[in-house]
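Everything on this sheet refers to the single structure shown next.
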2 protein chains.
Amino acid sequence: MSLREIANHAKVSTATVSRVINGIPTVNRNLAKRVWKAVGERGYSANSQARCVVSGKSRLFGLVISDMRDPFFPEIVQSFEAAAIEFGCETLVTSTLHDPKRMELSVRRMVERRIEGAAVLTFGSEEVIIENLRAQEIAAVFVDVEPRRSKAGVVQIDYKRGTRHAVQHLAALRHERIGYVGGPAHSKTALAKRSAFEECMHEISLDVSSELMVAGDDTVEGGMRALTLFARLQDRPTAIVCSTDMAAVGVMKRAHELGMAVPQELSVIGFDDIPLAGFVTPPLTTVIVPKAELARLAFRALICELNPARDEIYQPQKYLLNTDLVLRRSTALACLRRSGLTDLQSLVSNSHTGETVT
Amino acid sequence: MSLREIANHAKVSTATVSRVINGIPTVNRNLAKRVWKAVGERGYSANSQARCVVSGKSRLFGLVISDMRDPFFPEIVQSFEAAAIEFGCETLVTSTLHDPKRMELSVRRMVERRIEGAAVLTFGSEEVIIENLRAQEIAAVFVDVEPRRSKAGVVQIDYKRGTRHAVQHLAALRHERIGYVGGPAHSKTALAKRSAFEECMHEISLDVSSELMVAGDDTVEGGMRALTLFARLQDRPTAIVCSTDMAAVGVMKRAHELGMAVPQELSVIGFDDIPLAGFVTPPLTTVIVPKAELARLAFRALICELNPARDEIYQPQKYLLNTDLVLRRSTALACLRRSGLTDLQSLVSNSHTGETVT
DNA sequence: CTGTTAGCGCTTTCAC
DNA sequence: GTGAAAGCGCTAACAG
């Protein structure tokens with residue numbers, strides 16, 4: 001099942017078979033027909049490994065994520081793969097699990113397979129990856145982090161915009177004491193989201209007292225712990241913005257355990273819009289990160305890094321990904337306890353209908 | 001950055017470099033040291049593509065799933081990749097999305113990359129995959145389906161065992177009218193699960209009237225539709241077994257909308273134990289399918305197909321994967337409305353504590 | 001133990 | 001337009 005075999009059976013040279021297979025138009029119609037016939041009969045399929053050796057292009061791309069099991073990623077992986085397929089490329093996915101050893105191994109494996117470039121979506125703990133990728137001078141696209149080097153684009157997510165919608169939505173519902181559950185302190189992504197929140201609060205002159213800012217870890221358990229903290233406060237928040245949906249789910253779960261009704265007594269907003277967000281009770285109002293678009297953008301950016309526009313001094317490309325709020329049922333009018341009204345006020349029904357604003 | 005370059009710098013032949021890189025022990029210590037030094041200085045990394053061409057082994061495996069976004073798969077993908085890494089192999093993942101066109105393309109792509117074998121986990125709609133894989137005589141391991149051909153192992157999931165636990169658990173809670181929400185009618189997996197349910201019911205002489213058997217589609221929406229049907233019944237079931245957690249989530253969601261309390265008025269059991277199952281309200285009692293083990297098993301089975309024991313006539317290997325029930329909070333004592341007791345009885349609290357039986 | 005050499009399956013000049 | 005031949009980076013005989 002090699003080129004040679006097909007050549008023999010079609011009574012042509014290997015060069016001709018190669019040309020036919022690759023659709024080079026300067027081949028005699030008859031010869032081409034004979035070749036295709038032989039290919040069909042023998043069930044021949046080109047060996048891309050061999051092709052890669054001679055062409056020097058592997059048509060292979062790496063996709064580095066932190067954890068497949070994080071519901072944020074599956075759609076991204078799917079869409080990245082789809083984008084790659086469109087370009088006739090294959091994807092090598094790997095999870096770092098935040099483990100430096102694994103990261104190093106991942107990069108080494110990808111380098112040995114001669115990937116042409118890699119997209120890195122680890123959301124905080126990518127130092128080792130960046131280091132190794134740079135050492136090998138592999139084209140890369142990072143999400144969120146901005147590594148100053150050549151052949152490295154960056155896709156940034158517009159945390160500000162979505163967060164602003166979230167904060168203003170809460171303000172419109174008369175919330176003033178708004179708590180924030182952030183991600184791990186060391187993560188740049190978490191920092192960026194938190195800054196966005198603070199700025200959006202300042203924009204409309206709302207307080208961000210430090211007792212209302214807690215650092216979580218983007219897990220359900222972290223969200224639960226965060227709400228436990230808030231619940232102990234003298235003056236509790238009436239609404240909570242979370243840096244991830246997982247944290248928001250945890251917040252809601254703990255609220256349920258403590259008998260705090262969401263959204264009547266506590267409004268909750270998440271971030272990411274993972275599928276789970278639509279299934280919890282009540283369905284979670286959250287900030288959409290367009291994951292399919294993110295993946296497509298990352299792949300295209302990679303392609304662009306690889307084929308830089310001629311006649312221009314290289315400059316790492318930068319992309320900004322839009323975000324938006326989707327209204328579901330986890331937010332409602334503030335219960336206004338602080339204004340001296342009784343808890344009965346908390347029965348005020350949700351003011352909106354759960355339509356999607358996208 | 002080729003072997004030759006390293007050879008020049010270390011003043012040895014390419015053969016020696018190759019031997020050193022591959023850890024062949026019959027090499028002079030000094031030469032080896034020189035080679036490793038050059039390798040380190042130049043940052044050399046072997047080109048596996050070239051290796052594959054000469055060795056004929058790609059160390060690449062395919063993993064065919066139906067949809068990355070189905071929460072059943074991420075852990076499997078992760079664990080399969082981990083198993084492959086242990087063997088120094090790489091994984092090419094692809095989603096069929098139940099689309100024959102995509103399946104054919106997937107197989108073709110994998111064949112061109114010269115995968116050594118593939119694991120197929122599409123749970124019903126694998127005909128095209130099987131056909132294409134067989135045509136190329138690629139070693140394969142299937143989950144659930146049993147394609148009679150050589151070089152094809154099969155991993156079966158013990159649906160019976162987990163389902164029996166589920167049914168008997170419900171029976172112990174005095175449930176007698178138990179509904180079943182199955183998967184798509186055309187799916188072999190769905191059929192196997194359904195048969196398991198029916199047999200388990202018969203084992204303990206419980207009725208499976210046809211009005212209590214509905215075919216869903218393993219989605220939340222399907223589960224919702226199923227409960228709508230059940231709710232219309234004169235004599236409603238007091239408990240429902242679902243063929244997947246997603247369906248169970250839908251059942252619970254619709255129950256919530258209809259004001260039926262789970263578990264007080266309706267007990268629900270799922271299947272798969274996807275992460276979501278632990279996060280819904282109430283947490284879902286479900287049948288565990290050990291996904292990490294499934295992935296490891298599938299990979300090892302693949303390896304075994306590739307290195308068949310000598311001196312034995314080939315026989316496709318068959319593996320059985322255990323299942324078990326995990327008790328959470330979606331089941332409770334039957335409300336016994338049929339016995340003439342009032343609805344107040346439905347407030348009887350859940351009889352167990354949510355411990356995990358694994 | 002080491003180097004020379006052939007060749008894996010393919011693409012790509014370069015003559016014809 | 002087509003084929004002969006060189007060569008991609010590597011491994012594996014084989015000779016020494």
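Letters A, B, ... go to the chains of the structure tokens in the order shown; residues in each chain start at 1; ligands are counted from 1 in the same order.
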If you count only C-alpha atoms (C1' of nucleotides), which residues fall within 7 Å of stretch 223-234 of chain B, apart from same-chain ones fewer than 5 positions away, as a JSON list (two decimals) with N, CA and C atoms, in the first residue's frame?
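Okay, this is what ended up in result01.json:
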```json
[["chain", "number", "residue", "atom", "x", "y", "z"],
["B", 181, "VAL", "N", -37.20, 5.71, 31.62],
["B", 181, "VAL", "CA", -36.93, 6.61, 30.50],
["B", 181, "VAL", "C", -35.69, 6.10, 29.78],
["B", 214, "VAL", "N", -40.88, 4.70, 28.45],
["B", 214, "VAL", "CA", -40.86, 5.67, 27.35],
["B", 214, "VAL", "C", -39.45, 5.78, 26.78],
["B", 216, "GLY", "N", -36.59, 7.99, 25.38],
["B", 216, "GLY", "CA", -36.12, 9.38, 25.38],
["B", 216, "GLY", "C", -35.01, 9.53, 24.38],
["B", 247, "ALA", "N", -30.98, 12.59, 31.11],
["B", 247, "ALA", "CA", -32.42, 12.39, 31.12],
["B", 247, "ALA", "C", -32.97, 12.58, 32.52],
["B", 248, "ALA", "N", -32.27, 12.06, 33.50],
["B", 248, "ALA", "CA", -32.73, 12.18, 34.88],
["B", 248, "ALA", "C", -32.80, 13.64, 35.31],
["B", 250, "GLY", "N", -33.37, 16.09, 33.38],
["B", 250, "GLY", "CA", -34.56, 16.63, 32.73],
["B", 250, "GLY", "C", -35.84, 16.24, 33.48],
["B", 251, "VAL", "N", -35.88, 15.00, 33.92],
["B", 251, "VAL", "CA", -37.04, 14.53, 34.67],
["B", 251, "VAL", "C", -37.20, 15.38, 35.93],
["B", 253, "LYS", "N", -36.05, 18.34, 36.50],
["B", 253, "LYS", "CA", -36.35, 19.73, 36.18],
["B", 253, "LYS", "C", -37.85, 19.91, 35.92],
["B", 254, "ARG", "N", -38.39, 19.01, 35.11],
["B", 254, "ARG", "CA", -39.81, 19.08, 34.80],
["B", 254, "ARG", "C", -40.65, 18.84, 36.05]]
```
Practice item. Excluding D:DG1 and any residue of its chain fewer than 2 positions from it, enumerate the residues within 8 Å of it, using only C-alpha atoms (C1' of nucleotides), and give them as a VMD selection string. Key: chain A and resid 26 to 28
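The interface of chain A with chain B at 6 Å, considering only C-alpha atoms, consists of Ser45, Ala46, Asn47, Ser48, Gln49, Ala50, Val53, Met68, Arg69, Pro74, Glu75, Glu112, Arg113 and Val280 of chain A.
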Kindly save the residues from that selection, with C-alpha atoms included, as a PDB file, in the first residue's frame.
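Output saved as again.pdb:
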```
ATOM      1  CA  SER A  45      -4.229   6.189   1.552  1.00  0.00           C
ATOM      2  CA  ALA A  46      -1.290   8.559   1.628  1.00  0.00           C
ATOM      3  CA  ASN A  47       1.088   8.248   4.565  1.00  0.00           C
ATOM      4  CA  SER A  48       1.101  11.663   6.116  1.00  0.00           C
ATOM      5  CA  GLN A  49       4.060  10.800   8.302  1.00  0.00           C
ATOM      6  CA  ALA A  50       6.219  10.367   5.256  1.00  0.00           C
ATOM      7  CA  VAL A  53       9.223  14.260   6.759  1.00  0.00           C
ATOM      8  CA  MET A  68     -10.575  18.271  30.107  1.00  0.00           C
ATOM      9  CA  ARG A  69     -13.042  17.727  32.911  1.00  0.00           C
ATOM     10  CA  PRO A  74     -15.066  20.495  25.903  1.00  0.00           C
ATOM     11  CA  GLU A  75     -16.744  22.884  23.533  1.00  0.00           C
ATOM     12  CA  GLU A 112       8.698  15.422  19.004  1.00  0.00           C
ATOM     13  CA  ARG A 113       5.580  15.180  16.906  1.00  0.00           C
ATOM     14  CA  VAL A 280     -29.089  24.123  38.045  1.00  0.00           C
TER      15      VAL A 280
END
```
Superposition output for chain A against chain B, all Cα paired in order, as a compact mmCIF listing (two decimals) with C-alpha atoms, in the first residue's frame:
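Heads up, here's the output in selection.txt:
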```
# COMPACT_ATOMS: atom_id res chain seq x y z
CA MET A 1 18.45 20.18 14.44
CA SER A 2 18.70 16.80 12.81
CA LEU A 3 20.49 13.67 13.83
CA ARG A 4 23.26 14.48 11.41
CA GLU A 5 23.90 17.79 13.06
CA ILE A 6 24.24 16.18 16.46
CA ALA A 7 26.50 13.54 14.95
CA ASN A 8 28.81 16.20 13.55
CA HIS A 9 29.01 18.10 16.77
CA ALA A 10 29.67 15.00 18.82
CA LYS A 11 32.13 13.71 16.23
CA VAL A 12 30.34 10.42 15.89
CA SER A 13 28.23 8.78 13.24
CA THR A 14 24.48 9.21 12.91
CA ALA A 15 24.09 5.56 13.80
CA THR A 16 25.73 6.13 17.14
CA VAL A 17 23.56 9.12 17.89
CA SER A 18 20.53 7.03 17.05
CA ARG A 19 21.70 4.28 19.37
CA VAL A 20 22.35 6.69 22.21
CA ILE A 21 19.01 8.40 21.81
CA ASN A 22 17.26 5.07 21.84
CA GLY A 23 19.13 3.88 24.88
CA ILE A 24 20.84 0.97 23.25
CA PRO A 25 23.27 -0.14 25.95
CA THR A 26 26.16 -1.31 23.80
CA VAL A 27 27.56 2.18 23.37
CA ASN A 28 30.78 3.45 24.86
CA ARG A 29 30.14 5.61 27.91
CA ASN A 30 32.27 8.45 26.62
CA LEU A 31 30.65 8.60 23.23
CA ALA A 32 27.24 8.53 24.84
CA LYS A 33 28.22 11.40 27.08
CA ARG A 34 29.43 13.44 24.12
CA VAL A 35 26.19 12.77 22.29
CA TRP A 36 23.99 13.76 25.22
CA LYS A 37 26.02 16.91 25.63
CA ALA A 38 25.49 17.90 22.03
CA VAL A 39 21.82 17.03 22.31
CA GLY A 40 21.48 19.21 25.37
CA GLU A 41 23.35 22.14 23.92
CA ARG A 42 21.50 22.14 20.65
CA GLY A 43 18.13 21.40 22.20
CA TYR A 44 17.70 18.47 19.87
CA SER A 45 14.48 16.52 19.87
CA ALA A 46 13.91 13.42 17.79
CA ASN A 47 11.51 13.72 14.87
CA SER A 48 8.91 11.10 15.53
CA GLN A 49 7.46 11.49 12.06
CA ALA A 50 10.68 10.27 10.55
CA ARG A 51 10.94 7.54 13.12
CA CYS A 52 7.49 6.35 12.24
CA VAL A 53 8.27 6.19 8.56
CA VAL A 54 11.14 3.84 9.09
CA SER A 55 9.78 1.83 11.98
CA GLY A 56 6.30 1.48 10.58
CA LYS A 57 4.84 2.16 14.04
CA SER A 58 3.18 5.48 14.56
CA ARG A 59 2.57 5.21 18.30
CA LEU A 60 -0.66 7.02 17.53
CA PHE A 61 -4.10 5.89 18.62
CA GLY A 62 -7.52 7.08 17.67
CA LEU A 63 -10.29 7.74 20.14
CA VAL A 64 -13.67 8.09 18.50
CA ILE A 65 -16.45 9.51 20.62
CA SER A 66 -19.83 10.87 19.71
CA ASP A 67 -19.61 14.32 21.24
CA MET A 68 -16.97 16.00 23.39
CA ARG A 69 -19.66 18.13 24.96
CA ASP A 70 -21.47 15.14 26.35
CA PRO A 71 -20.34 15.18 29.98
CA PHE A 72 -19.81 11.45 29.88
CA PHE A 73 -16.70 11.80 27.74
CA PRO A 74 -14.25 14.34 29.10
CA GLU A 75 -13.01 12.10 31.86
CA ILE A 76 -12.71 9.24 29.42
CA VAL A 77 -10.68 11.32 27.01
CA GLN A 78 -8.44 12.45 29.83
CA SER A 79 -7.82 8.95 31.13
CA PHE A 80 -7.33 7.48 27.69
CA GLU A 81 -4.73 10.11 26.97
CA ALA A 82 -3.04 9.35 30.29
CA ALA A 83 -2.95 5.63 29.50
CA ALA A 84 -1.52 6.33 26.07
CA ILE A 85 1.17 8.58 27.49
CA GLU A 86 2.28 5.82 29.81
CA PHE A 87 3.01 3.76 26.73
CA GLY A 88 4.67 6.66 24.95
CA CYS A 89 1.75 6.96 22.59
CA GLU A 90 -0.28 9.89 21.36
CA THR A 91 -4.04 10.16 21.03
CA LEU A 92 -6.07 11.57 18.18
CA VAL A 93 -9.56 12.36 19.45
CA THR A 94 -12.49 12.89 17.17
CA SER A 95 -16.20 13.49 17.63
CA THR A 96 -18.64 11.96 15.19
CA LEU A 97 -21.64 14.08 16.19
CA HIS A 98 -23.65 11.12 14.85
CA ASP A 99 -22.87 12.35 11.37
CA PRO A 100 -21.87 9.62 8.89
CA LYS A 101 -19.95 12.13 6.79
CA ARG A 102 -17.87 13.12 9.77
CA MET A 103 -17.31 9.51 10.71
CA GLU A 104 -15.94 8.68 7.32
CA LEU A 105 -13.72 11.73 7.37
CA SER A 106 -12.54 10.89 10.88
CA VAL A 107 -11.47 7.43 9.90
CA ARG A 108 -9.78 8.66 6.76
CA ARG A 109 -7.82 11.25 8.71
CA MET A 110 -6.76 8.69 11.25
CA VAL A 111 -5.76 6.21 8.59
CA GLU A 112 -3.64 8.82 6.85
CA ARG A 113 -1.91 9.50 10.13
CA ARG A 114 -1.39 5.75 10.37
CA ILE A 115 -2.96 5.16 13.75
CA GLU A 116 -2.13 1.74 15.13
CA GLY A 117 -5.59 1.23 16.53
CA ALA A 118 -8.76 2.96 17.58
CA ALA A 119 -11.17 2.87 20.47
CA VAL A 120 -14.75 3.51 19.48
CA LEU A 121 -17.18 4.90 22.04
CA THR A 122 -20.10 6.23 20.12
CA PHE A 123 -22.87 4.42 21.94
CA GLY A 124 -25.12 3.71 19.02
CA SER A 125 -24.48 4.95 15.46
CA GLU A 126 -21.14 3.37 14.88
CA GLU A 127 -21.99 1.39 11.75
CA VAL A 128 -20.09 3.70 9.44
CA ILE A 129 -17.09 3.76 11.75
CA ILE A 130 -17.03 0.00 12.03
CA GLU A 131 -17.35 -0.40 8.30
CA ASN A 132 -14.51 1.99 7.52
CA LEU A 133 -12.26 0.66 10.22
CA ARG A 134 -12.76 -2.89 9.06
CA ALA A 135 -12.08 -1.96 5.46
CA GLN A 136 -8.68 -0.65 6.55
CA GLU A 137 -8.12 -3.56 8.90
CA ILE A 138 -7.34 -1.27 11.78
CA ALA A 139 -7.16 -2.82 15.21
CA ALA A 140 -10.08 -1.61 17.24
CA VAL A 141 -11.80 -1.84 20.56
CA PHE A 142 -15.48 -1.14 20.76
CA VAL A 143 -17.49 -0.32 23.79
CA ASP A 144 -20.83 -2.06 23.95
CA VAL A 145 -21.13 -3.13 20.35
CA GLU A 146 -19.68 -6.40 19.24
CA PRO A 147 -18.46 -6.40 15.68
CA ARG A 148 -17.51 -9.87 14.66
CA ARG A 149 -14.14 -9.53 13.07
CA SER A 150 -10.54 -10.05 13.95
CA LYS A 151 -8.42 -7.45 15.67
CA ALA A 152 -11.45 -6.10 17.42
CA GLY A 153 -11.92 -6.38 21.14
CA VAL A 154 -14.96 -5.32 23.01
CA VAL A 155 -15.47 -3.71 26.40
CA GLN A 156 -18.92 -4.28 27.78
CA ILE A 157 -20.46 -2.37 30.60
CA ASP A 158 -22.29 -4.39 33.21
CA TYR A 159 -25.58 -2.57 32.89
CA LYS A 160 -27.34 -5.39 34.66
CA ARG A 161 -25.53 -5.09 37.93
CA GLY A 162 -25.94 -1.37 38.43
CA THR A 163 -29.51 -1.45 37.25
CA ARG A 164 -30.28 -4.25 39.67
CA HIS A 165 -28.98 -2.18 42.54
CA ALA A 166 -31.10 0.72 41.35
CA VAL A 167 -34.28 -1.31 41.02
CA GLN A 168 -33.82 -3.11 44.29
CA HIS A 169 -33.06 0.13 46.07
CA LEU A 170 -36.36 1.52 44.82
CA ALA A 171 -38.18 -1.66 45.76
CA ALA A 172 -36.72 -1.45 49.23
CA LEU A 173 -38.24 2.03 49.47
CA ARG A 174 -41.64 0.42 48.70
CA HIS A 175 -41.84 1.62 45.13
CA GLU A 176 -43.87 -0.64 42.88
CA ARG A 177 -44.84 1.57 39.99
CA ILE A 178 -41.47 2.34 38.50
CA GLY A 179 -41.20 4.21 35.23
CA TYR A 180 -38.33 3.93 32.78
CA VAL A 181 -36.93 6.62 30.49
CA GLY A 182 -34.79 4.93 27.86
CA GLY A 183 -32.50 6.14 25.11
CA PRO A 184 -33.14 6.40 21.38
CA ALA A 185 -34.95 3.34 20.04
CA HIS A 186 -32.32 2.58 17.39
CA SER A 187 -29.40 2.50 19.80
CA LYS A 188 -28.05 -0.85 20.87
CA THR A 189 -26.77 0.61 24.09
CA ALA A 190 -30.20 1.96 24.91
CA LEU A 191 -31.65 -1.45 24.18
CA ALA A 192 -29.16 -3.18 26.43
CA LYS A 193 -29.90 -0.82 29.29
CA ARG A 194 -33.62 -1.23 28.82
CA SER A 195 -33.39 -5.01 28.78
CA ALA A 196 -31.35 -4.88 31.94
CA PHE A 197 -34.09 -2.83 33.57
CA GLU A 198 -36.83 -5.19 32.46
CA GLU A 199 -34.98 -8.24 33.64
CA CYS A 200 -34.21 -6.68 37.00
CA MET A 201 -37.86 -5.81 37.44
CA HIS A 202 -38.91 -9.34 36.55
CA GLU A 203 -36.40 -10.80 38.95
CA ILE A 204 -38.37 -9.34 41.81
CA SER A 205 -41.77 -9.75 40.19
CA LEU A 206 -42.44 -6.10 39.53
CA ASP A 207 -44.61 -4.99 36.64
CA VAL A 208 -43.20 -3.24 33.61
CA SER A 209 -46.37 -2.06 31.94
CA SER A 210 -45.72 -0.47 28.57
CA GLU A 211 -47.19 2.87 29.58
CA LEU A 212 -44.32 3.16 32.05
CA MET A 213 -41.65 2.59 29.42
CA VAL A 214 -40.85 5.65 27.34
CA ALA A 215 -38.10 6.18 24.80
CA GLY A 216 -36.13 9.36 25.36
CA ASP A 217 -33.03 10.67 23.67
CA ASP A 218 -30.57 10.98 26.53
CA THR A 219 -30.97 14.74 26.76
CA VAL A 220 -32.41 17.04 29.40
CA GLU A 221 -35.19 17.99 27.02
CA GLY A 222 -36.01 14.34 26.41
CA GLY A 223 -36.22 13.73 30.13
CA MET A 224 -38.56 16.66 30.49
CA ARG A 225 -40.82 15.35 27.77
CA ALA A 226 -40.83 11.93 29.37
CA LEU A 227 -41.99 13.26 32.69
CA THR A 228 -44.71 15.26 30.99
CA LEU A 229 -45.98 11.97 29.61
CA PHE A 230 -45.83 10.23 32.97
CA ALA A 231 -47.57 13.15 34.66
CA ARG A 232 -50.54 12.72 32.37
CA LEU A 233 -51.04 9.14 33.48
CA GLN A 234 -54.04 8.14 35.53
CA ASP A 235 -51.82 6.07 37.75
CA ARG A 236 -48.47 7.80 37.93
CA PRO A 237 -45.19 6.07 38.74
CA THR A 238 -43.71 6.89 42.14
CA ALA A 239 -40.19 6.37 40.92
CA ILE A 240 -38.34 6.67 37.64
CA VAL A 241 -35.20 5.01 36.39
CA CYS A 242 -33.44 6.86 33.59
CA SER A 243 -30.97 5.50 31.06
CA THR A 244 -28.71 8.53 31.49
CA ASP A 245 -28.10 11.25 34.03
CA MET A 246 -28.98 13.89 31.47
CA ALA A 247 -32.45 12.41 31.09
CA ALA A 248 -32.74 12.19 34.87
CA VAL A 249 -31.85 15.86 35.19
CA GLY A 250 -34.58 16.65 32.70
CA VAL A 251 -37.05 14.55 34.64
CA MET A 252 -36.19 16.38 37.84
CA LYS A 253 -36.37 19.75 36.16
CA ARG A 254 -39.83 19.10 34.76
CA ALA A 255 -40.93 17.66 38.10
CA HIS A 256 -39.83 20.86 39.75
CA GLU A 257 -41.80 22.89 37.21
CA LEU A 258 -44.88 20.77 37.82
CA GLY A 259 -44.50 21.15 41.55
CA MET A 260 -43.77 17.49 42.15
CA ALA A 261 -41.24 17.25 44.95
CA VAL A 262 -38.21 15.06 44.37
CA PRO A 263 -37.71 12.80 46.22
CA GLN A 264 -40.81 13.12 48.41
CA GLU A 265 -43.32 12.60 45.64
CA LEU A 266 -41.10 11.14 43.00
CA SER A 267 -37.85 9.23 43.25
CA VAL A 268 -35.41 9.52 40.37
CA ILE A 269 -32.37 7.45 39.51
CA GLY A 270 -29.93 8.24 36.73
CA PHE A 271 -27.19 6.38 34.92
CA ASP A 272 -23.53 7.25 34.24
CA ASP A 273 -22.68 9.43 37.22
CA ILE A 274 -21.55 12.45 35.28
CA PRO A 275 -20.16 15.32 37.37
CA LEU A 276 -23.39 17.25 36.94
CA ALA A 277 -25.24 14.55 38.89
CA GLY A 278 -23.69 15.76 42.12
CA PHE A 279 -24.58 19.40 41.54
CA VAL A 280 -28.27 19.33 40.75
CA THR A 281 -30.90 19.77 43.45
CA PRO A 282 -31.39 17.30 44.92
CA PRO A 283 -28.13 15.50 44.12
CA LEU A 284 -28.91 12.58 41.90
CA THR A 285 -28.78 8.95 42.95
CA THR A 286 -27.31 7.18 39.96
CA VAL A 287 -25.47 4.20 38.55
CA ILE A 288 -21.75 4.71 38.37
CA VAL A 289 -19.93 3.81 35.19
CA PRO A 290 -16.25 3.92 36.10
CA LYS A 291 -15.09 6.14 33.30
CA ALA A 292 -11.40 6.32 34.07
CA GLU A 293 -11.28 2.56 34.28
CA LEU A 294 -13.25 2.24 31.08
CA ALA A 295 -10.71 4.37 29.27
CA ARG A 296 -7.73 2.52 30.68
CA LEU A 297 -9.32 -0.80 29.86
CA ALA A 298 -10.08 0.26 26.32
CA PHE A 299 -6.50 1.34 25.78
CA ARG A 300 -5.00 -1.79 27.25
CA ALA A 301 -7.36 -3.90 25.22
CA LEU A 302 -6.12 -2.11 22.14
CA ILE A 303 -2.54 -2.87 23.07
CA CYS A 304 -3.49 -6.51 23.52
CA GLU A 305 -5.14 -6.68 20.12
CA LEU A 306 -1.92 -5.35 18.66
CA ASN A 307 0.33 -7.86 20.43
CA PRO A 308 -1.72 -11.04 20.39
CA ALA A 309 -0.43 -13.88 22.49
CA ARG A 310 1.55 -16.21 20.27
CA ASP A 311 0.63 -19.83 19.79
CA GLU A 312 -3.05 -19.15 20.16
CA ILE A 313 -5.73 -18.89 17.57
CA TYR A 314 -6.98 -15.37 17.56
CA GLN A 315 -10.11 -14.68 19.46
CA PRO A 316 -11.45 -11.20 20.05
CA GLN A 317 -10.98 -10.26 23.67
CA LYS A 318 -13.98 -9.38 25.76
CA TYR A 319 -13.98 -7.35 28.93
CA LEU A 320 -16.73 -6.59 31.39
CA LEU A 321 -16.76 -3.34 33.27
CA ASN A 322 -18.36 -3.23 36.66
CA THR A 323 -21.04 -0.73 37.65
CA ASP A 324 -22.48 0.30 40.96
CA LEU A 325 -25.09 2.51 42.54
CA VAL A 326 -24.24 5.74 44.31
CA LEU A 327 -26.87 6.86 46.77
CA ARG A 328 -27.51 10.57 46.90
CA ARG A 329 -30.72 12.45 47.59
CA SER A 330 -33.10 11.93 44.72
CA THR A 331 -34.77 8.83 46.13
CA ALA A 332 -37.00 8.34 49.17
CA LEU A 333 -39.71 6.11 50.54
CA ALA A 334 -42.67 5.75 48.23
CA CYS A 335 -45.46 8.11 49.18
CA LEU A 336 -47.90 5.22 49.10
CA ARG A 337 -50.74 7.28 47.70
CA ARG A 338 -52.16 4.16 46.15
CA SER A 339 -52.59 2.59 49.56
CA GLY A 340 -55.08 5.27 50.49
CA LEU A 341 -52.74 7.31 52.64
CA THR A 342 -52.83 11.07 52.31
CA ASP A 343 -50.19 13.20 50.68
CA LEU A 344 -48.90 14.17 54.06
CA GLN A 345 -47.19 10.84 54.02
CA SER A 346 -44.99 12.19 51.33
CA LEU A 347 -43.22 14.30 53.87
CA VAL A 348 -41.54 11.18 55.17
CA SER A 349 -37.93 12.07 55.02
CA ASN A 350 -35.32 10.41 52.92
CA SER A 351 -34.35 7.16 54.52
CA HIS A 352 -30.68 7.25 53.85
CA THR A 353 -27.89 9.67 54.26
CA GLY A 354 -26.38 10.08 50.84
CA GLU A 355 -23.27 8.09 51.47
CA THR A 356 -21.42 6.76 48.47
CA VAL A 357 -21.54 3.04 47.92
CA THR A 358 -18.62 2.29 45.67
```
Practice task
Write out as a ChimeraX atom specification every residue belonging to chain C that has an atom at most 12 Å from any atom of chain B, counting only C-alpha atoms (C1' of nucleotides).
Solution key: /C:1-10
As a PyMOL selection string, please: the residues near C:DC14 (cut-off 12 Å, only C-alpha atoms (C1' of nucleotides), same-chain neighbours under 5 positions excluded). chain D and resi 2-6
Can you write just those residues out, N, CA, C and O atoms (P, O5', C5', C4', C3', O3' and C1' of nucleotides), as a compact mmCIF listing (two decimals), in the first residue's frame?
```txt
# COMPACT_ATOMS: atom_id res chain seq x y z
P DT D 2 1.16 12.98 -18.37
O5' DT D 2 2.61 12.47 -18.07
C5' DT D 2 3.24 11.57 -18.98
C4' DT D 2 4.67 11.37 -18.55
C3' DT D 2 4.83 10.61 -17.24
O3' DT D 2 5.25 9.29 -17.58
C1' DT D 2 6.39 12.41 -17.48
P DG D 3 5.32 8.17 -16.45
O5' DG D 3 6.89 8.17 -16.17
C5' DG D 3 7.77 7.92 -17.25
C4' DG D 3 9.20 8.17 -16.82
C3' DG D 3 9.63 7.41 -15.57
O3' DG D 3 10.94 6.93 -15.79
C1' DG D 3 10.02 9.72 -15.26
P DA D 4 11.53 5.76 -14.93
O5' DA D 4 13.04 6.26 -14.73
C5' DA D 4 13.60 7.23 -15.63
C4' DA D 4 14.82 7.86 -14.99
C3' DA D 4 15.47 7.08 -13.85
O3' DA D 4 16.87 7.32 -13.89
C1' DA D 4 14.63 9.11 -13.00
P DA D 5 17.82 6.71 -12.77
O5' DA D 5 17.90 7.89 -11.70
C5' DA D 5 18.20 9.22 -12.14
C4' DA D 5 18.34 10.13 -10.93
C3' DA D 5 18.97 9.47 -9.71
O3' DA D 5 19.74 10.45 -9.04
C1' DA D 5 16.88 10.26 -9.12
P DA D 6 20.84 10.04 -7.96
O5' DA D 6 20.81 11.31 -6.98
C5' DA D 6 20.46 12.60 -7.51
C4' DA D 6 19.79 13.41 -6.41
C3' DA D 6 20.36 13.14 -5.01
O3' DA D 6 20.47 14.38 -4.34
C1' DA D 6 18.04 12.77 -5.00
```
Practice item. Please determine the contact residues of chain D with respect to chain B at a cut-off of 7 Å, counting only C-alpha atoms (C1' of nucleotides), and supply them as number ranges by chain. Key: D: 9-11
